[in-house]
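Enquirer: Got a structure for you, questions after.
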Amino acid sequence: MFPEFETTVKPEWIDYNGHMRDSNYGLVFSLAVDALQDAVGLDATYRERTGCTIYLLEDHKFYLREVKQGDRLRVLTHVLGVDDKRFHLYMVMKRDQVEVCIGEFMEMHVRQHPSPHGISMPREIRERLMAYHKNVEKRSPPFRRSRQIRSI
Amino acid sequence: MTLLNLHNEPVREEWLDAYGHLNEAYYLVPFSNATWVLQEHFGIGVPYFEETGCAIYTVETHLRYLKEVRFPAILHIESMILGVESRKIWFTHRMLVNDEECATGEFMTLHFDTRDGRVSPMHKTVIEHLQSSIIDPFPNWVGRKIKLKQD
């Protein structure tokens, strides 16, 4: 079972065009990453105990459908890869069965003091992330993957 | 070759996370605000929307988060047009604080007629203005994809 996150589109997430603002798709994904962190042990207790946390390095999102206030959104998370310090996520945002946004994220495990720097994740956390990675290989969903933005 | 320096704005306190720095989810907000200013620059902003019902919809974004941004700070956004088709604009924003690059964003947008509910071509003069503004050479980070070495 992949960590799943659900939320409802809030009035303050709507923009001038009457649909969810582009940046708020990112907010929903960010909340879903929090849920994943909790699932693999990178939770508040861990962060407080170790002074380590997760920083986002890069993301690439495809906005497929408009989303309106009150819509119920579900985010499914897949792990595409894990190395010592980093993990690579593929997230699908759905309203009912319809994909509304797809995003790919590169995250880094960071110790914040004395100044933020990438640092190896504990083995058990890497293993938990890898377990999701194995699942995704078995499922081989029809991925819309990060690519060059170049259609012009 | 045109580098567009169109937008500056201060970091807002409500964009900060528990670490006191700009939260990842909010980098796109000043970028999105800069896109509105970019649209105004090319005559396809709010007055254009009100007159024609046509809007610019974002279909793809690719951001790189390069440096932490702490409060208080003034974000300076630099914009470059990379390409244009009758219905599409491909462009970038760079976010700088005190001349230091903190983030880059690459965007693809569609020109959407909200009255007809479908994608529609932009006016020829807008297309020409955008075409004459295409940056050359491209920054070297444009067009990359996300990957780990092992991917």
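Quick note on naming: the chains in the structure tokens go A, B, ... in the order shown, residues restart at 1 in each chain, and ligands are numbered from 1 in order of appearance.
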Which residues of chain A come within 10 Å of chain B, and for each one, what is the closest pair of atoms and their distance in Å to one decimal, counting only C-alpha atoms, sorted by chain and residue number, as JSON lines?

Expert:
```
{"residue": "A:Tyr16", "atom": "CA", "partner": "B:Val46", "partner_atom": "CA", "distance": 9.1}
{"residue": "A:Asn17", "atom": "CA", "partner": "B:Ala55", "partner_atom": "CA", "distance": 7.8}
{"residue": "A:Arg21", "atom": "CA", "partner": "B:Ser32", "partner_atom": "CA", "distance": 8.9}
{"residue": "A:Asp22", "atom": "CA", "partner": "B:Thr58", "partner_atom": "CA", "distance": 6.9}
{"residue": "A:Ser23", "atom": "CA", "partner": "B:Leu28", "partner_atom": "CA", "distance": 5.1}
{"residue": "A:Asn24", "atom": "CA", "partner": "B:Ala25", "partner_atom": "CA", "distance": 7.3}
{"residue": "A:Tyr25", "atom": "CA", "partner": "B:Ala25", "partner_atom": "CA", "distance": 8.5}
{"residue": "A:Gly26", "atom": "CA", "partner": "B:Ala25", "partner_atom": "CA", "distance": 5.2}
{"residue": "A:Leu27", "atom": "CA", "partner": "B:Ala25", "partner_atom": "CA", "distance": 4.9}
{"residue": "A:Val28", "atom": "CA", "partner": "B:Ala25", "partner_atom": "CA", "distance": 8.4}
{"residue": "A:Phe29", "atom": "CA", "partner": "B:Ala25", "partner_atom": "CA", "distance": 8.3}
{"residue": "A:Ser30", "atom": "CA", "partner": "B:Ala25", "partner_atom": "CA", "distance": 6.4}
{"residue": "A:Leu31", "atom": "CA", "partner": "B:Ala25", "partner_atom": "CA", "distance": 9.2}
{"residue": "A:Thr53", "atom": "CA", "partner": "B:Tyr19", "partner_atom": "CA", "distance": 9.9}
{"residue": "A:Tyr55", "atom": "CA", "partner": "B:Glu24", "partner_atom": "CA", "distance": 8.1}
{"residue": "A:Leu56", "atom": "CA", "partner": "B:Glu24", "partner_atom": "CA", "distance": 6.6}
{"residue": "A:Leu57", "atom": "CA", "partner": "B:Tyr65", "partner_atom": "CA", "distance": 4.9}
{"residue": "A:Glu58", "atom": "CA", "partner": "B:Arg64", "partner_atom": "CA", "distance": 4.2}
{"residue": "A:Asp59", "atom": "CA", "partner": "B:Leu63", "partner_atom": "CA", "distance": 5.3}
{"residue": "A:His60", "atom": "CA", "partner": "B:His62", "partner_atom": "CA", "distance": 4.0}
{"residue": "A:Lys61", "atom": "CA", "partner": "B:Thr61", "partner_atom": "CA", "distance": 5.2}
{"residue": "A:Phe62", "atom": "CA", "partner": "B:Glu60", "partner_atom": "CA", "distance": 4.5}
{"residue": "A:Tyr63", "atom": "CA", "partner": "B:Val59", "partner_atom": "CA", "distance": 4.7}
{"residue": "A:Leu64", "atom": "CA", "partner": "B:Val59", "partner_atom": "CA", "distance": 6.7}
{"residue": "A:Arg65", "atom": "CA", "partner": "B:Val59", "partner_atom": "CA", "distance": 8.9}
{"residue": "A:Glu66", "atom": "CA", "partner": "B:Tyr57", "partner_atom": "CA", "distance": 9.6}
{"residue": "A:Leu80", "atom": "CA", "partner": "B:Asp151", "partner_atom": "CA", "distance": 7.7}
{"residue": "A:Gly81", "atom": "CA", "partner": "B:Asp151", "partner_atom": "CA", "distance": 6.5}
{"residue": "A:Val82", "atom": "CA", "partner": "B:Leu148", "partner_atom": "CA", "distance": 7.9}
{"residue": "A:Asp83", "atom": "CA", "partner": "B:Leu148", "partner_atom": "CA", "distance": 7.7}
{"residue": "A:Arg86", "atom": "CA", "partner": "B:Leu148", "partner_atom": "CA", "distance": 8.1}
{"residue": "A:Phe87", "atom": "CA", "partner": "B:Leu148", "partner_atom": "CA", "distance": 8.2}
{"residue": "A:His88", "atom": "CA", "partner": "B:Leu148", "partner_atom": "CA", "distance": 7.3}
{"residue": "A:Cys101", "atom": "CA", "partner": "B:Val59", "partner_atom": "CA", "distance": 9.3}
{"residue": "A:Ile102", "atom": "CA", "partner": "B:Glu60", "partner_atom": "CA", "distance": 9.5}
{"residue": "A:Gly103", "atom": "CA", "partner": "B:Thr61", "partner_atom": "CA", "distance": 9.2}
{"residue": "A:Glu104", "atom": "CA", "partner": "B:Ile146", "partner_atom": "CA", "distance": 7.5}
{"residue": "A:Phe105", "atom": "CA", "partner": "B:Ile146", "partner_atom": "CA", "distance": 7.7}
{"residue": "A:Met106", "atom": "CA", "partner": "B:Ile146", "partner_atom": "CA", "distance": 7.2}
{"residue": "A:Gln112", "atom": "CA", "partner": "B:Tyr19", "partner_atom": "CA", "distance": 9.0}
{"residue": "A:Pro116", "atom": "CA", "partner": "B:Glu68", "partner_atom": "CA", "distance": 9.0}
{"residue": "A:Arg145", "atom": "CA", "partner": "B:Lys145", "partner_atom": "CA", "distance": 8.7}
{"residue": "A:Ser146", "atom": "CA", "partner": "B:Lys145", "partner_atom": "CA", "distance": 5.4}
{"residue": "A:Arg147", "atom": "CA", "partner": "B:Lys145", "partner_atom": "CA", "distance": 4.8}
{"residue": "A:Gln148", "atom": "CA", "partner": "B:Gly143", "partner_atom": "CA", "distance": 4.2}
{"residue": "A:Ile149", "atom": "CA", "partner": "B:Gly143", "partner_atom": "CA", "distance": 5.4}
{"residue": "A:Arg150", "atom": "CA", "partner": "B:Gly143", "partner_atom": "CA", "distance": 6.8}
{"residue": "A:Ser151", "atom": "CA", "partner": "B:Trp90", "partner_atom": "CA", "distance": 8.6}
{"residue": "A:Ile152", "atom": "CA", "partner": "B:Gly83", "partner_atom": "CA", "distance": 6.0}
```

Enquirer: Identify, with DSSP run on backbone atoms, the residues in chain B assigned to strand (DSSP E or B), and express the list as a VMD selection string.

Expert: chain B and resid 4 to 10 16 21 to 22 54 to 65 70 74 to 84 88 to 97 100 to 113 118 to 119 134

Enquirer: Could you tell me, as a tab-separated table (two decimals) with C-alpha atoms, in the first residue's frame, which residues of segment 42-80 of chain A DSSP assigns to alpha helix (DSSP H) when given the backbone?

Expert:
```tsv
chain	number	residue	atom	x	y	z
A	44	ALA	CA	8.38	15.34	13.73
A	45	THR	CA	9.94	13.22	16.48
A	46	TYR	CA	12.77	12.18	14.15
A	47	ARG	CA	13.32	15.75	13.00
A	48	GLU	CA	13.46	17.02	16.56
A	49	ARG	CA	15.74	14.20	17.78
A	50	THR	CA	18.25	14.37	14.90
```

Enquirer: Within 12 Å of Val37 of chain B, counting only C-alpha atoms, which residues qualify if same-chain residues fewer than 3 places away don't, as a ChimeraX atom specification?

Expert: /B:4-9,30-34,40-46,77-79,93

Enquirer: Generate a file of the selected residues that holds C-alpha atoms, formatted as a CSV table (one decimal), in the first residue's frame.

Expert:
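Writing done, so here's result.csv:
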```
chain,number,residue,atom,x,y,z
B,4,LEU,CA,13.3,40.9,-18.7
B,5,ASN,CA,13.6,42.4,-15.2
B,6,LEU,CA,10.0,43.0,-14.5
B,7,HIS,CA,9.2,41.9,-11.0
B,8,ASN,CA,10.4,42.3,-7.4
B,9,GLU,CA,8.5,41.4,-4.2
B,30,PRO,CA,6.3,34.9,-6.6
B,31,PHE,CA,7.0,33.1,-9.9
B,32,SER,CA,3.3,33.0,-10.6
B,33,ASN,CA,3.1,36.7,-9.7
B,34,ALA,CA,6.0,37.4,-12.1
B,40,GLU,CA,1.0,42.5,-18.7
B,41,HIS,CA,4.3,43.3,-20.5
B,42,PHE,CA,3.1,41.4,-23.6
B,43,GLY,CA,-0.5,42.8,-23.4
B,44,ILE,CA,-2.1,39.5,-22.3
B,45,GLY,CA,-2.7,40.3,-18.6
B,46,VAL,CA,-5.8,41.1,-16.6
B,77,ILE,CA,12.6,37.8,-10.6
B,78,GLU,CA,14.4,37.8,-14.0
B,79,SER,CA,12.4,36.4,-16.9
B,93,HIS,CA,12.0,32.8,-14.3
```

Enquirer: What's around Lys85 of chain A at 7 Å? Count only C-alpha atoms, leave out sequence neighbours fewer than 5 positions away in its own chain, and write the answer as a ChimeraX atom specification.

Expert: /A:108-109,118-121
